[in-house]
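Structure below is query00.txt: compact mmCIF, C-alpha atoms.
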# COMPACT_ATOMS: atom_id res chain seq x y z
CA MET A 162 16.12 120.16 -125.10
CA SER A 163 16.35 116.45 -124.32
CA ASN A 164 16.62 115.33 -120.68
CA GLU A 165 20.21 114.20 -121.20
CA LEU A 166 21.30 117.56 -122.56
CA ALA A 167 19.52 119.35 -119.73
CA ASP A 168 21.32 117.12 -117.18
CA ILE A 169 24.68 117.87 -118.81
CA ALA A 170 23.97 121.60 -118.67
CA LYS A 171 22.93 121.39 -115.00
CA GLY A 172 25.98 119.23 -114.19
CA THR A 173 28.28 121.71 -115.91
CA PHE A 174 26.73 124.56 -113.96
CA CYS A 175 27.15 122.61 -110.70
CA PHE A 176 30.80 121.91 -111.58
CA LEU A 177 31.41 125.62 -112.19
CA LEU A 178 29.67 126.56 -108.95
CA GLY A 179 31.90 124.06 -107.10
CA CYS A 180 34.98 125.60 -108.75
CA ALA A 181 33.79 129.03 -107.61
CA VAL A 182 33.39 127.75 -104.03
CA GLY A 183 36.98 126.39 -104.16
CA TYR A 184 38.19 129.71 -105.54
CA SER A 185 36.50 131.65 -102.76
CA GLU A 186 38.04 129.32 -100.15
CA LEU A 187 41.54 130.04 -101.52
CA PHE A 188 40.68 133.72 -101.89
CA GLY A 189 39.73 133.94 -98.22
CA ARG A 190 42.69 131.93 -97.00
CA TYR A 191 45.51 133.63 -98.93
CA GLN A 192 44.65 137.29 -98.63
CA ASP A 193 48.20 138.58 -99.00
CA GLU A 194 47.87 138.27 -102.77
CA PRO A 195 44.54 136.81 -103.94
CA VAL A 196 45.36 137.57 -107.61
CA ALA A 197 48.14 134.96 -107.45
CA ILE A 198 45.44 132.26 -107.50
CA HIS A 199 44.97 132.86 -111.24
CA LYS A 200 48.61 132.10 -111.96
CA SER A 201 48.85 128.85 -110.03
CA PHE A 202 48.31 125.40 -111.56
CA ILE A 203 47.85 123.92 -108.07
CA ALA A 204 45.10 126.45 -107.32
CA TYR A 205 43.26 125.29 -110.46
CA VAL A 206 43.60 121.66 -109.32
CA TYR A 207 42.04 122.67 -105.98
CA MET A 208 39.17 124.37 -107.76
CA ILE A 209 38.63 121.43 -110.15
CA VAL A 210 38.52 118.94 -107.25
CA ASN A 211 35.89 121.15 -105.61
CA GLY A 212 34.02 121.30 -108.92
CA LEU A 213 34.13 117.52 -109.29
CA ALA A 214 32.81 117.13 -105.73
CA SER A 215 29.87 119.37 -106.61
CA LEU A 216 29.28 117.43 -109.81
CA THR A 217 29.31 114.14 -107.88
CA ALA A 218 26.88 115.63 -105.34
CA PHE A 219 24.65 116.73 -108.22
CA ILE A 220 24.61 113.24 -109.74
CA ILE A 221 23.71 111.70 -106.36
CA ILE A 222 21.06 114.32 -105.47
CA ASN A 223 19.59 114.23 -108.99
CA TYR A 224 19.32 110.45 -108.96
CA TYR A 225 18.08 110.02 -105.37
CA ASN A 226 16.15 113.30 -105.24
CA GLU A 227 12.93 112.00 -103.72
CA ALA A 228 14.59 109.33 -101.62
CA ILE A 229 16.75 111.91 -99.85
CA PHE A 230 14.35 114.84 -99.48
CA LYS A 231 10.99 112.98 -99.31
CA VAL A 232 9.60 115.51 -101.82
CA LYS A 233 10.99 116.05 -105.32
CA LEU A 234 13.13 119.22 -105.42
CA ASP A 235 12.90 121.29 -108.58
CA ASP A 236 15.93 121.54 -110.87
CA VAL A 237 17.06 124.99 -109.69
CA LYS A 238 17.16 123.86 -106.05
CA VAL A 239 19.05 120.67 -106.95
CA VAL A 240 21.67 122.60 -108.92
CA LEU A 241 22.14 125.27 -106.25
CA LEU A 242 22.22 122.74 -103.43
CA ALA A 243 24.78 120.53 -105.19
CA GLY A 244 26.76 123.48 -106.48
CA PHE A 245 27.11 125.40 -103.25
CA SER A 246 27.03 122.61 -100.74
CA GLY A 247 28.35 119.73 -102.81
CA MET A 248 31.51 119.60 -100.73
CA LEU A 249 29.44 119.80 -97.57
CA ALA A 250 27.24 116.93 -98.72
CA LEU A 251 30.26 114.80 -99.56
CA ARG A 252 32.06 115.85 -96.42
CA SER A 253 29.22 114.56 -94.26
CA SER A 254 30.39 111.06 -93.51
CA PHE A 255 28.40 107.92 -93.89
CA PHE A 256 29.43 107.02 -90.33
CA THR A 257 32.25 107.79 -87.89
CA ILE A 258 34.37 105.50 -85.73
CA LYS A 259 36.06 106.39 -82.46
CA ASN A 260 39.85 106.13 -82.44
CA ASN A 261 41.78 107.39 -79.40
CA ASN A 262 38.70 109.42 -78.35
CA LYS A 263 38.68 111.10 -81.76
CA ASP A 264 35.91 110.86 -84.33
CA VAL A 265 37.29 109.44 -87.55
CA PRO A 266 34.97 110.06 -90.51
CA ILE A 267 34.44 107.13 -92.85
CA GLY A 268 33.29 107.89 -96.37
CA PRO A 269 34.22 110.32 -99.12
CA ALA A 270 34.84 112.94 -96.43
CA ALA A 271 38.11 111.34 -95.30
CA LEU A 272 39.43 110.98 -98.85
CA LEU A 273 38.42 114.52 -99.80
CA THR A 274 39.85 116.06 -96.65
CA ILE A 275 43.22 114.38 -97.25
CA LEU A 276 43.20 115.32 -100.94
CA LEU A 277 42.20 118.95 -100.40
CA ASN A 278 44.56 119.43 -97.45
CA GLY A 279 47.39 118.06 -99.59
CA ILE A 280 46.62 120.37 -102.50
CA ASP A 281 46.18 123.29 -100.10
CA ARG A 282 49.60 122.55 -98.55
CA LEU A 283 51.19 122.40 -102.01
CA TYR A 284 49.63 125.74 -102.91
CA ASP A 285 50.81 127.24 -99.61
CA ARG A 286 54.38 126.10 -100.36
CA GLU A 287 54.18 127.58 -103.84
CA ARG A 288 52.96 130.87 -102.36
CA ALA A 289 55.71 130.77 -99.71
CA VAL A 290 58.39 131.01 -102.43
CA ASP A 291 56.65 134.01 -103.96
CA ARG A 292 56.03 135.60 -100.53
CA ALA A 293 59.73 135.26 -99.60
CA ALA A 294 60.84 137.06 -102.75
CA LYS A 295 58.24 139.82 -102.39
CA VAL A 296 58.78 140.53 -98.69
CA THR A 297 62.57 140.59 -99.15
CA GLU A 298 62.21 143.19 -101.90
CA ILE A 299 59.57 145.34 -100.16
CA MET A 300 61.14 145.32 -96.68
CA LYS A 301 64.71 145.84 -97.91
CA GLY A 302 66.49 148.28 -95.60
CA ILE A 303 63.43 148.82 -93.39
CA ASP A 304 64.29 149.40 -89.75
CA PHE A 305 61.96 147.37 -87.51
CA GLU A 306 62.14 149.87 -84.65
CA LYS A 307 61.07 152.70 -86.97
CA ALA A 308 58.44 150.68 -88.85
CA GLU A 309 56.85 148.75 -86.00
CA VAL A 310 54.31 151.41 -85.03
CA ASP A 311 54.28 153.81 -88.00
CA LEU A 312 53.98 151.23 -90.75
CA SER A 313 51.34 149.23 -88.87
CA VAL A 314 49.23 152.33 -88.26
CA ALA A 315 49.65 153.47 -91.89
CA CYS A 316 48.56 150.04 -93.15
CA LEU A 317 45.59 149.98 -90.77
CA ASN A 318 44.45 153.39 -91.97
CA LEU A 319 44.94 152.61 -95.65
CA MET A 320 42.60 149.64 -95.29
CA GLN A 321 39.01 150.72 -94.89
CA ASN A 322 37.25 147.42 -94.58
CA LEU A 323 39.33 145.56 -91.99
CA SER A 324 36.98 144.30 -89.30
CA GLU A 325 37.63 145.24 -85.68
CA GLU A 326 38.59 141.64 -84.98
CA GLU A 327 41.17 141.71 -87.83
CA GLN A 328 42.56 145.05 -86.63
CA ARG A 329 42.89 143.67 -83.09
CA ARG A 330 44.61 140.51 -84.40
CA MET A 331 47.00 142.55 -86.53
CA ARG A 332 47.96 144.76 -83.56
CA SER A 333 48.49 141.83 -81.25
CA GLU A 334 50.60 139.97 -83.85
CA VAL A 335 52.83 143.02 -84.34
CA GLU A 336 53.12 143.36 -80.56
CA ALA A 337 54.13 139.71 -80.31
CA ILE A 338 56.98 140.28 -82.82
CA SER A 339 58.08 143.32 -80.86
CA LYS A 340 58.07 141.44 -77.54
CA SER A 341 60.16 138.59 -78.90
CA SER A 342 62.38 140.84 -81.03
CA ASN A 343 65.40 140.44 -78.75
CA LYS A 344 65.36 136.71 -79.46
CA PHE A 345 66.04 137.18 -83.17
CA SER A 346 69.72 136.74 -83.91
CA ILE A 347 69.55 138.47 -87.29
CA GLU A 348 68.32 142.07 -87.25
CA LYS A 349 66.71 141.78 -90.68
CA THR A 350 64.43 138.94 -89.54
CA LYS A 351 62.34 141.31 -87.44
CA SER A 352 61.39 143.56 -90.35
CA LEU A 353 60.80 140.57 -92.66
CA VAL A 354 58.42 138.96 -90.15
CA LEU A 355 56.70 142.33 -89.68
CA GLY A 356 56.27 142.60 -93.47
CA LEU A 357 54.83 139.10 -93.75
CA THR A 358 52.42 139.74 -90.88
CA LEU A 359 51.17 143.05 -92.26
CA ALA A 360 50.86 141.65 -95.80
CA ARG A 361 48.53 138.92 -94.52
CA PHE A 362 46.04 141.65 -93.60
CA THR A 363 46.71 144.27 -96.25
CA GLY A 364 48.26 142.42 -99.17
CA PHE A 365 51.71 143.15 -100.61
CA LYS A 366 50.52 145.97 -102.83
CA THR A 367 49.13 148.05 -99.93
CA LEU A 368 52.21 147.28 -97.83
CA LYS A 369 54.43 148.55 -100.64
CA GLU A 370 52.31 151.70 -100.98
CA ALA A 371 52.43 152.33 -97.22
CA ILE A 372 56.23 152.05 -97.27
CA GLY A 373 56.37 154.36 -100.28
CA MET A 374 54.16 156.82 -98.42
CA LEU A 375 56.38 156.92 -95.33
CA GLY A 376 59.50 157.10 -97.49
CA ALA A 377 63.10 157.01 -96.42
CA ASP A 378 62.22 157.66 -92.77
CA LEU A 379 61.51 153.97 -92.33
CA ARG A 380 64.81 152.83 -93.75
CA THR A 381 67.98 152.26 -91.81
CA THR A 382 70.78 154.71 -92.49
CA GLU A 383 74.04 153.46 -93.99
CA LEU A 384 75.63 153.88 -90.57
CA GLU A 385 72.91 151.79 -88.89
CA ASP A 386 73.33 149.09 -91.56
CA LYS A 387 77.05 148.89 -90.86
CA GLN A 388 76.47 148.80 -87.11
CA SER A 389 73.94 146.05 -87.60
CA ILE A 390 76.55 143.89 -89.44
CA LEU A 391 78.89 144.35 -86.47
CA ASP A 392 76.05 143.51 -84.06
CA THR A 393 75.44 140.24 -85.87
CA PHE A 394 79.16 139.41 -85.66
CA LEU A 395 79.29 140.19 -81.92
CA LEU A 396 76.18 138.12 -81.28
CA LYS A 397 77.64 135.19 -83.23
CA LYS A 398 80.86 135.33 -81.20
CA ALA A 399 78.90 135.53 -77.92
CA GLU A 400 76.94 132.44 -78.95
CA GLU A 401 80.14 130.56 -79.85
CA LEU A 402 81.58 131.44 -76.45
CA GLU A 403 78.40 130.25 -74.72
CA LYS A 404 78.56 126.93 -76.63
CA GLU A 405 82.18 126.45 -75.63
CA LYS A 406 81.28 127.10 -72.00
CA ILE A 407 78.58 124.40 -72.15
CA LYS A 408 81.08 121.93 -73.66
CA MET B 100 58.13 193.25 -80.74
CA SER B 101 61.75 193.91 -81.57
CA ALA B 102 62.75 193.29 -77.98
CA GLU B 103 60.79 190.07 -78.03
CA ARG B 104 62.54 188.95 -81.22
CA ASN B 105 65.90 189.86 -79.73
CA HIS B 106 65.05 187.81 -76.69
CA LYS B 107 64.05 184.88 -78.92
CA ASP B 108 67.24 185.23 -81.00
CA SER B 109 69.40 185.35 -77.94
CA SER B 110 67.57 182.31 -76.52
CA PHE B 111 68.13 180.43 -79.74
CA ALA B 112 71.77 181.44 -79.86
CA GLY B 113 72.04 180.40 -76.24
CA PHE B 114 70.44 177.09 -77.08
CA LEU B 115 72.89 176.51 -79.97
CA ASN B 116 75.76 177.41 -77.72
CA ASP B 117 74.60 175.01 -75.00
CA TYR B 118 73.93 172.36 -77.59
CA SER B 119 77.40 172.59 -79.18
CA ARG B 120 79.00 172.72 -75.73
CA GLY B 121 76.94 169.66 -74.84
CA ASN B 122 78.13 167.93 -78.01
CA VAL B 123 81.72 168.75 -77.24
CA ALA B 124 81.21 167.40 -73.74
CA VAL B 125 79.70 164.17 -75.12
CA THR B 126 82.53 163.77 -77.65
CA SER B 127 85.25 164.32 -75.08
CA HIS B 128 83.51 161.93 -72.67
CA LEU B 129 83.36 159.29 -75.42
CA ASN B 130 87.02 159.87 -76.24
CA ALA B 131 87.94 159.39 -72.58
CA ILE B 132 86.02 156.10 -72.48
CA VAL B 133 87.61 154.91 -75.74
CA SER B 134 91.09 155.82 -74.48
CA VAL B 135 90.53 153.55 -71.47
CA GLU B 136 89.34 150.79 -73.76
CA LEU B 137 92.40 151.18 -75.98
CA LEU B 138 94.45 150.45 -72.88
CA LYS B 139 92.47 147.24 -72.44
CA LEU B 140 93.32 146.31 -76.05
CA ILE B 141 97.00 146.85 -75.27
CA GLU B 142 96.64 144.62 -72.19
CA THR B 143 95.08 141.86 -74.31
CA ILE B 144 97.90 142.18 -76.87
CA ASP B 145 100.45 141.87 -74.06
CA GLU B 146 98.67 138.77 -72.80
CA ILE B 147 98.70 137.18 -76.30
CA MET B 148 102.37 137.98 -76.73
CA ARG B 149 103.10 136.42 -73.35
CA ILE B 150 101.27 133.25 -74.45
CA LEU B 151 103.13 133.19 -77.77
CA GLY B 152 106.41 133.25 -75.83
CA PRO B 153 109.72 135.01 -76.36
CA GLU B 154 110.37 133.38 -79.72
CA ALA B 155 109.29 135.98 -82.24
CA ASN B 156 107.00 134.86 -85.01
CA LYS B 157 105.04 136.71 -87.67
CA LEU B 158 102.00 137.04 -85.42
CA SER B 159 103.88 138.54 -82.48
CA GLU B 160 105.61 140.94 -84.89
CA GLN B 161 102.23 142.15 -86.14
CA LEU B 162 100.83 142.41 -82.63
CA ALA B 163 103.83 144.46 -81.53
CA LEU B 164 103.10 146.78 -84.43
CA ALA B 165 99.42 146.91 -83.44
CA LYS B 166 100.43 147.88 -79.92
CA GLU B 167 102.74 150.57 -81.26
CA VAL B 168 99.96 152.01 -83.41
CA LEU B 169 97.69 152.31 -80.37
CA GLN B 170 100.38 154.12 -78.40
CA VAL B 171 101.03 156.96 -80.86
CA THR B 172 100.10 159.93 -78.71
CA GLU B 173 99.77 162.48 -81.53
CA ASP B 174 97.04 160.50 -83.30
CA SER B 175 93.34 160.78 -82.55
CA ASN B 176 91.47 157.69 -81.37
CA VAL B 177 89.86 157.30 -84.80
CA THR B 178 93.24 157.37 -86.56
CA LYS B 179 94.70 154.93 -84.04
CA LEU B 180 91.81 152.53 -84.52
CA LEU B 181 91.95 152.80 -88.33
CA SER B 182 95.65 151.88 -88.31
CA PHE B 183 95.04 149.19 -85.69
CA SER B 184 92.33 147.63 -87.86
CA ARG B 185 94.69 147.36 -90.84
CA VAL B 186 97.38 145.68 -88.74
CA LEU B 187 94.76 143.38 -87.22
CA GLU B 188 93.63 142.38 -90.72
CA ILE B 189 97.15 141.14 -91.51
CA SER B 190 97.28 139.36 -88.13
CA VAL B 191 94.02 137.58 -88.92
CA VAL B 192 95.45 136.32 -92.23
CA ILE B 193 98.67 134.96 -90.71
CA TYR B 194 96.96 133.69 -87.53
CA PRO B 195 95.90 130.21 -88.87
CA ALA B 196 99.43 129.26 -89.95
CA VAL B 197 100.95 130.35 -86.62
CA TYR B 198 98.09 128.77 -84.65
CA LYS B 199 98.53 125.35 -86.32
CA GLY B 200 102.19 125.21 -85.39
CA LEU B 201 101.60 125.99 -81.71
CA ASP B 202 101.65 123.73 -78.67
CA PRO B 203 98.16 122.20 -78.16
CA ASP B 204 98.12 123.39 -74.51
CA ILE B 205 98.17 127.06 -75.45
CA LYS B 206 95.97 126.85 -78.53
CA ASN B 207 92.73 127.21 -76.58
CA THR B 208 93.91 130.17 -74.50
CA LEU B 209 95.32 131.90 -77.55
CA SER B 210 92.12 131.34 -79.48
CA HIS B 211 90.08 132.94 -76.67
CA LEU B 212 92.41 135.91 -76.34
CA PHE B 213 92.63 136.53 -80.08
CA THR B 214 88.85 136.35 -80.51
CA GLY B 215 88.52 138.58 -77.43
CA LEU B 216 90.85 141.14 -79.02
CA ILE B 217 88.73 141.30 -82.16
CA VAL B 218 85.47 141.46 -80.18
CA GLU B 219 86.87 144.26 -77.98
CA PHE B 220 87.92 146.17 -81.09
CA ILE B 221 84.53 145.75 -82.78
CA THR B 222 82.77 146.90 -79.58
CA ILE B 223 84.87 150.07 -79.49
CA VAL B 224 84.24 150.75 -83.19
CA LYS B 225 80.50 150.38 -82.65
CA LYS B 226 80.69 152.88 -79.82
CA MET B 227 82.59 155.40 -81.97
CA GLY B 228 79.96 155.28 -84.76
CA ASN B 229 82.49 156.55 -87.32
CA SER B 230 81.59 155.49 -90.85
CA ALA B 231 85.17 154.88 -92.07
CA LEU B 232 85.93 152.88 -88.94
CA LEU B 233 82.79 150.81 -89.35
CA GLU B 234 83.80 150.11 -92.93
CA THR B 235 87.26 148.79 -91.93
CA ALA B 236 85.71 146.79 -89.08
CA ILE B 237 83.33 145.11 -91.53
CA ARG B 238 86.28 144.26 -93.79
CA LEU B 239 88.04 142.82 -90.76
CA ILE B 240 85.14 140.59 -89.71
CA GLN B 241 84.81 139.33 -93.28
CA LYS B 242 88.46 138.30 -93.11
CA VAL B 243 87.90 136.74 -89.66
CA ASP B 244 84.98 134.67 -90.98
CA LYS B 245 87.02 133.50 -93.98
CA GLU B 246 90.21 132.67 -92.09
CA MET B 247 88.50 131.05 -89.11
CA ALA B 248 86.54 128.83 -91.52
CA ASN B 249 89.90 127.72 -92.98
CA LEU B 250 91.15 127.04 -89.47
CA GLU B 251 88.30 124.62 -88.78
CA LYS B 252 89.01 122.58 -91.98

Represent the structure from my file as structure tokens, please.
Amino acid sequence: MSNELADIAKGTFCFLLGCAVGYSELFGRYQDEPVAIHKSFIAYVYMIVNGLASLTAFIIINYYNEAIFKVKLDDVKVVLLAGFSGMLALRSSFFTIKNNNKDVPIGPAALLTILLNGIDRLYDRERAVDRAAKVTEIMKGIDFEKAEVDLSVACLNLMQNLSEEEQRRMRSEVEAISKSSNKFSIEKTKSLVLGLTLARFTGFKTLKEAIGMLGADLRTTELEDKQSILDTFLLKKAEELEKEKIK
Amino acid sequence: MSAERNHKDSSFAGFLNDYSRGNVAVTSHLNAIVSVELLKLIETIDEIMRILGPEANKLSEQLALAKEVLQVTEDSNVTKLLSFSRVLEISVVIYPAVYKGLDPDIKNTLSHLFTGLIVEFITIVKKMGNSALLETAIRLIQKVDKEMANLEK
């Protein structure tokens, strides 16, 4: 195989490794439904940008191999280094300047950070639309007071590989919703927020299974639903009265 | 063994008896509370009618009917409130037209009293926990939302 062909093969491998690193970043960040990554165009853009960063790192490391590392690294090391840490290499800035006591990186790092943050934000927005639809469907009719403890414990026990730190975070986030629950003006909000919080740790599929497992006991009765509509009305009127008093 | 079972049965029967007596006590207590609150509704209606003045209009006619409905002694509280809700629904529909034609000085007071009347009613309905009543109350608040939105236009 000629040198050129070998370089193309190594570059392609580096690009794919970079894409895989980007994929794993998204996979780790959006755990509520990691499979959704495959369906998103924006997620592919994120992965391709990561891949291109690795490819660029490969070209630089391959060309300046000896100059950078003093000794010539063999091909496998170059490919793995560029593939896995291409982003890291590019993220390390050429130099930084101080602005308002903050270090501002100058170099490809700044450009890449802005670009990746932007794509990440776009992907997050895209996921938000999907999350809203899913949580509304799964948590329909779920009574927060009934689900708060039971559903959380069921989800925790269904998951076998949640670290202690994640379990602690999940409990404290559910507690935080419970503590501030009297501030919500719409009853439904509490159970929707609970659903979103739990899904971040367990994913929507497990959340749905846990609800299915606990059955109708978690749902509000027809009477409670009606009373909740009246509660919302009374709360709205109380707020209107309060506003008028302030005026 | 048999004696023990008999003892258990009698305990259970006793429990059921106490429980149903307790339920009756709770229901009659609730009815007493609601009856007092119905009097408050009548007071609010009187106050609104006083504000509206001696000149009869469609709204005062409806409110007089609402008051009448609440005073029917033969009816249970649930029946009274169901009838009251229906009359109130009509009042809510005619309220904007009457309200617009009123003296600006009394508009604010009337608005507070009328909203207060509806809020008092909804609070009582919530306390009663009767499904049919809740249903009519929901229909009423839907009408309130619709008509009050028209009022603000």

For chain B, work out the contacting residues on chain A at 7 Å, counting all atoms listed in the file, and write them as a short mmCIF file (atom, residue, chain, number, x, y, z; two decimals) with C-alpha atoms, in the coordinates of the input.
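Output (selection_14.cif):
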data_model
loop_
_atom_site.label_atom_id
_atom_site.label_comp_id
_atom_site.auth_asym_id
_atom_site.auth_seq_id
_atom_site.Cartn_x
_atom_site.Cartn_y
_atom_site.Cartn_z
CA LEU A 384 75.63 153.88 -90.57
CA LYS A 387 77.05 148.89 -90.86
CA GLN A 388 76.47 148.80 -87.11
CA LEU A 391 78.89 144.35 -86.47
CA LEU A 395 79.29 140.19 -81.92
#

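Between CA of Leu250 (chain B) and CA of Pro195 (chain B) the interatomic distance comes to 5.7 Å.
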
Point to revise | Two-atom distance - CA of Met247 (chain B), CA of Val191 (chain B) (Å) | key: 8.6 Å

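Going from CA of Val240 (chain A) to CA of Phe188 (chain A) covers 23.1 Å.
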
Check your understanding: At most 10 Å from (92.5, 143.9, -77.1), file frame, all atoms listed in the file: which residues, as a VMD selection string?
Key -> chain B and resid 136 to 147 165 to 166 212 to 221

Review point. With distances taken over all atoms listed in the file, which of A:Arg361, A:Arg282, A:Lys349, A:Arg288 is nearest to Val335 (chain A)?
Key: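 Ranking A:Arg361, A:Arg282, A:Lys349, A:Arg288 by distance to Val335 (chain A), first place goes to A:Arg361.
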
Check your understanding: How would you write as a PyMOL selection string the residues that get within 9 Å of (48.4, 138.4, -101.7) in the file's frame, counting all atoms listed in the file?
Key -> chain A and resi 191-198+288+292+360-361+363-366

Any chance you could work out the axis-aligned box around region 311-325 of chain A, listed atoms only, 3 Å on each side, giving centre and edge lengths in Å to one decimal, as AutoDock Vina command-line options?
--center_x 45.6 --center_y 149.1 --center_z -90.7 --size_x 23.3 --size_y 15.5 --size_z 16.0

I want to know what sits within 8 Å of region 202-216 of chain A, based on all atoms listed in the file, with residues of the same chain fewer than 5 positions away left out; could you give that as a PDB file with C-alpha atoms, in the frame of the given file?
ATOM      1  CA  GLY A 172      25.980 119.230-114.190  1.00  0.00           C
ATOM      2  CA  THR A 173      28.280 121.710-115.910  1.00  0.00           C
ATOM      3  CA  CYS A 175      27.150 122.610-110.700  1.00  0.00           C
ATOM      4  CA  PHE A 176      30.800 121.910-111.580  1.00  0.00           C
ATOM      5  CA  LEU A 177      31.410 125.620-112.190  1.00  0.00           C
ATOM      6  CA  LEU A 178      29.670 126.560-108.950  1.00  0.00           C
ATOM      7  CA  GLY A 179      31.900 124.060-107.100  1.00  0.00           C
ATOM      8  CA  CYS A 180      34.980 125.600-108.750  1.00  0.00           C
ATOM      9  CA  ALA A 181      33.790 129.030-107.610  1.00  0.00           C
ATOM     10  CA  VAL A 182      33.390 127.750-104.030  1.00  0.00           C
ATOM     11  CA  GLY A 183      36.980 126.390-104.160  1.00  0.00           C
ATOM     12  CA  TYR A 184      38.190 129.710-105.540  1.00  0.00           C
ATOM     13  CA  LEU A 187      41.540 130.040-101.520  1.00  0.00           C
ATOM     14  CA  ALA A 243      24.780 120.530-105.190  1.00  0.00           C
ATOM     15  CA  GLY A 244      26.760 123.480-106.480  1.00  0.00           C
ATOM     16  CA  PHE A 245      27.110 125.400-103.250  1.00  0.00           C
ATOM     17  CA  SER A 246      27.030 122.610-100.740  1.00  0.00           C
ATOM     18  CA  GLY A 247      28.350 119.730-102.810  1.00  0.00           C
ATOM     19  CA  MET A 248      31.510 119.600-100.730  1.00  0.00           C
ATOM     20  CA  LEU A 251      30.260 114.800 -99.560  1.00  0.00           C
ATOM     21  CA  LEU A 277      42.200 118.950-100.400  1.00  0.00           C
ATOM     22  CA  ILE A 280      46.620 120.370-102.500  1.00  0.00           C
ATOM     23  CA  ASP A 281      46.180 123.290-100.100  1.00  0.00           C
ATOM     24  CA  LEU A 283      51.190 122.400-102.010  1.00  0.00           C
ATOM     25  CA  TYR A 284      49.630 125.740-102.910  1.00  0.00           C
TER      26      TYR A 284
END

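Closest approach to Leu129 (chain B) among B:Leu151, B:Val177, B:Leu187, B:Asp204: B:Val177, based on all atoms listed in the file.
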